[in-house]
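Take a look at the structure below.
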Amino acid sequence: MFSTGYIFDSKEEIHSLSEDFDDSATINKLTEMAKAYETIFVAGIAEKADNKYYNSVAVVDGSGLRYKYRKISQNRIDRQYFSRGKELLTFEHNGLKLGVSVCFDIWFPELMRGYQEVDVILHPANFGGQQSFSIAQARALENRQHILTCNRVGKDITSEFTANYCGGSRHGKNMNII
């Protein structure tokens, strides 16, 4: 979740930062930028909908919110704050069939097999260690597809602990925009 971080002192903290996607300042700003740069954004955003909260991804272009995906798999942290999503998301852009998964979703081969017809999986994450990148590589090999992981950088600091995130490609290279 690029606009809020991922680790919080309480569920009230993240719930206060969650946005209704029908009236989201973050999605409005992403829409402006997508229009200006003639691109799409695939962004992790804490979502509030029908008195529930989700670890979601918004797919935004110059016309606004096109699609959303709600994280399906949940670890201990997710269960503290969020409801589970139920459906995979696939869509087409520039001739590619794309799928979306969030962070821990990639750990589950049965979930990722649902994306076998996809060219590229877009995978925003909050990985704290190298093992998750290895898991993503394994899923890519298993399903013979590309996985584009965008990991968060920086720190989440709470009263319980500090999470340090790794960032950048293994080879220090920037990725191309699709």
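By convention here, the chains of the structure tokens are called A, B, ... in the order presented, each chain's residues are numbered starting at 1, and ligands are numbered starting at 1 in the order presented.
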
(request) Using DSSP on the backbone, list every residue of region 28-110 of chain A that comes out as strand (DSSP E or B), and give them as an MDAnalysis selection string. (result) chainID A and resid 41:49 52:61 64:70 89:93 96:100

Could you dump the residues just selected with N, CA and C atoms as a short mmCIF file (atom, residue, chain, number, x, y, z; two decimals), in the first residue's frame?
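Final output, saved to out-v1.cif:
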data_model
loop_
_atom_site.label_atom_id
_atom_site.label_comp_id
_atom_site.auth_asym_id
_atom_site.auth_seq_id
_atom_site.Cartn_x
_atom_site.Cartn_y
_atom_site.Cartn_z
N PHE A 41 -1.65 3.24 -13.84
CA PHE A 41 -1.03 2.96 -12.55
C PHE A 41 -1.70 1.75 -11.94
N VAL A 42 -0.90 0.90 -11.36
CA VAL A 42 -1.36 -0.26 -10.61
C VAL A 42 -0.83 -0.05 -9.21
N ALA A 43 -1.71 0.39 -8.30
CA ALA A 43 -1.26 0.91 -7.01
C ALA A 43 -1.98 0.26 -5.84
N GLY A 44 -1.22 -0.17 -4.86
CA GLY A 44 -1.80 -0.70 -3.63
C GLY A 44 -2.33 0.42 -2.77
N ILE A 45 -3.61 0.31 -2.39
CA ILE A 45 -4.28 1.34 -1.60
C ILE A 45 -5.19 0.66 -0.59
N ALA A 46 -5.20 1.14 0.65
CA ALA A 46 -6.13 0.63 1.65
C ALA A 46 -7.54 1.11 1.29
N GLU A 47 -8.47 0.16 1.15
CA GLU A 47 -9.82 0.47 0.68
C GLU A 47 -10.85 0.26 1.79
N LYS A 48 -11.81 1.18 1.84
CA LYS A 48 -12.98 1.02 2.70
C LYS A 48 -14.20 0.89 1.78
N ALA A 49 -14.99 -0.19 1.99
CA ALA A 49 -16.20 -0.40 1.19
C ALA A 49 -17.22 -1.16 2.04
N LYS A 52 -16.32 -2.46 5.44
CA LYS A 52 -15.23 -3.43 5.48
C LYS A 52 -13.98 -2.74 4.95
N TYR A 53 -12.84 -3.33 5.25
CA TYR A 53 -11.56 -2.77 4.84
C TYR A 53 -10.78 -3.84 4.09
N TYR A 54 -10.08 -3.41 3.03
CA TYR A 54 -9.36 -4.33 2.17
C TYR A 54 -7.96 -3.81 1.84
N ASN A 55 -7.03 -4.73 1.69
CA ASN A 55 -5.73 -4.45 1.12
C ASN A 55 -5.93 -4.61 -0.39
N SER A 56 -6.11 -3.50 -1.08
CA SER A 56 -6.55 -3.52 -2.48
C SER A 56 -5.52 -2.94 -3.42
N VAL A 57 -5.73 -3.22 -4.69
CA VAL A 57 -4.96 -2.61 -5.76
C VAL A 57 -5.95 -1.92 -6.69
N ALA A 58 -5.66 -0.67 -7.01
CA ALA A 58 -6.46 0.09 -7.98
C ALA A 58 -5.68 0.15 -9.29
N VAL A 59 -6.37 -0.14 -10.38
CA VAL A 59 -5.81 0.03 -11.72
C VAL A 59 -6.47 1.28 -12.29
N VAL A 60 -5.64 2.31 -12.52
CA VAL A 60 -6.14 3.64 -12.86
C VAL A 60 -5.52 4.10 -14.17
N ASP A 61 -6.36 4.62 -15.06
CA ASP A 61 -5.86 5.27 -16.28
C ASP A 61 -6.36 6.71 -16.30
N GLY A 64 -9.86 7.34 -15.02
CA GLY A 64 -10.20 7.02 -13.64
C GLY A 64 -9.97 5.57 -13.30
N LEU A 65 -10.64 5.11 -12.24
CA LEU A 65 -10.51 3.73 -11.78
C LEU A 65 -11.07 2.78 -12.82
N ARG A 66 -10.24 1.89 -13.31
CA ARG A 66 -10.68 0.89 -14.29
C ARG A 66 -11.04 -0.42 -13.62
N TYR A 67 -10.19 -0.86 -12.68
CA TYR A 67 -10.37 -2.15 -12.03
C TYR A 67 -9.84 -2.05 -10.60
N LYS A 68 -10.31 -3.00 -9.78
CA LYS A 68 -9.71 -3.13 -8.46
C LYS A 68 -9.59 -4.61 -8.12
N TYR A 69 -8.60 -4.89 -7.34
CA TYR A 69 -8.33 -6.25 -6.86
C TYR A 69 -8.18 -6.18 -5.35
N ARG A 70 -8.80 -7.10 -4.65
CA ARG A 70 -8.68 -7.18 -3.20
C ARG A 70 -7.87 -8.42 -2.84
N LEU A 89 -8.09 -10.86 -10.68
CA LEU A 89 -8.30 -9.77 -11.64
C LEU A 89 -7.40 -9.98 -12.83
N THR A 90 -8.00 -10.01 -14.03
CA THR A 90 -7.24 -9.97 -15.27
C THR A 90 -7.82 -8.87 -16.14
N PHE A 91 -6.95 -8.25 -16.93
CA PHE A 91 -7.38 -7.21 -17.87
C PHE A 91 -6.35 -7.08 -18.98
N GLU A 92 -6.74 -6.43 -20.06
CA GLU A 92 -5.85 -6.24 -21.20
C GLU A 92 -5.36 -4.80 -21.25
N HIS A 93 -4.10 -4.65 -21.61
CA HIS A 93 -3.51 -3.32 -21.80
C HIS A 93 -2.40 -3.44 -22.83
N LEU A 96 -1.38 -6.85 -24.07
CA LEU A 96 -0.97 -7.85 -23.08
C LEU A 96 -2.14 -8.19 -22.16
N LYS A 97 -2.24 -9.45 -21.79
CA LYS A 97 -3.21 -9.86 -20.79
C LYS A 97 -2.48 -9.84 -19.44
N LEU A 98 -2.97 -9.01 -18.53
CA LEU A 98 -2.31 -8.80 -17.24
C LEU A 98 -3.17 -9.35 -16.11
N GLY A 99 -2.51 -9.82 -15.07
CA GLY A 99 -3.17 -10.24 -13.84
C GLY A 99 -2.57 -9.47 -12.69
N VAL A 100 -3.28 -9.41 -11.57
CA VAL A 100 -2.80 -8.69 -10.39
C VAL A 100 -2.84 -9.62 -9.19
#

(request) Tell me, as JSON, numbers by chain, which residues lie within 10 Å of Glu13 (chain A), counting only C-alpha atoms; anything in the same chain fewer than 6 positions away does not count. (result) {"A": [4, 7, 81]}

(message) Using only C-alpha atoms for the distances, tell me which of A:Gln145, A:Ser132, A:Gln137, A:Asn151 is nearest to Val120 (chain A).
(response)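 Once distances to Val120 (chain A) are computed over only C-alpha atoms, the minimum belongs to A:Gln145.
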
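For the choices A:Cys150, A:Phe2, A:Pro109, A:Val118, the atom-to-atom distance to Ala138 (chain A) is smallest for A:Pro109 when using only C-alpha atoms.
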
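Distance annotation: of A:Ile121, A:Lys86, A:Ser3, A:Phe127, the residue with the minimal separation from Thr26 (chain A) is A:Ser3; atom set is only C-alpha atoms.
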
(request) Kindly give the distance, in Å, that separates CA of Ile106 (chain A) and CA of Tyr6 (chain A), rounded to a single decimal. (result) 17.1 Å

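Residues of region 54-116 of chain A carrying a DSSP assignment of alpha helix (DSSP H), computed from the backbone, are Arg76, Ile77, Asp78, Arg79, Gln80, Tyr81, Pro109, Glu110, Leu111 and Met112 of chain A.
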
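Between CA of Asp105 (chain A) and CA of Asp23 (chain A) lies a distance of 27.0 Å.
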
(request) Would you work out the distance separating CA of Glu117 (chain A) from CA of Asn94 (chain A), expressed in Å to one decimal? (result)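 CA of Asn94 (chain A) lies 16.1 Å from CA of Glu117 (chain A).
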
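The smallest atom-to-atom distance between Ser73 (chain A) and any of A:Ser101, A:Ser10, A:Ser18, A:Thr31, using only C-alpha atoms, is found for A:Ser101.
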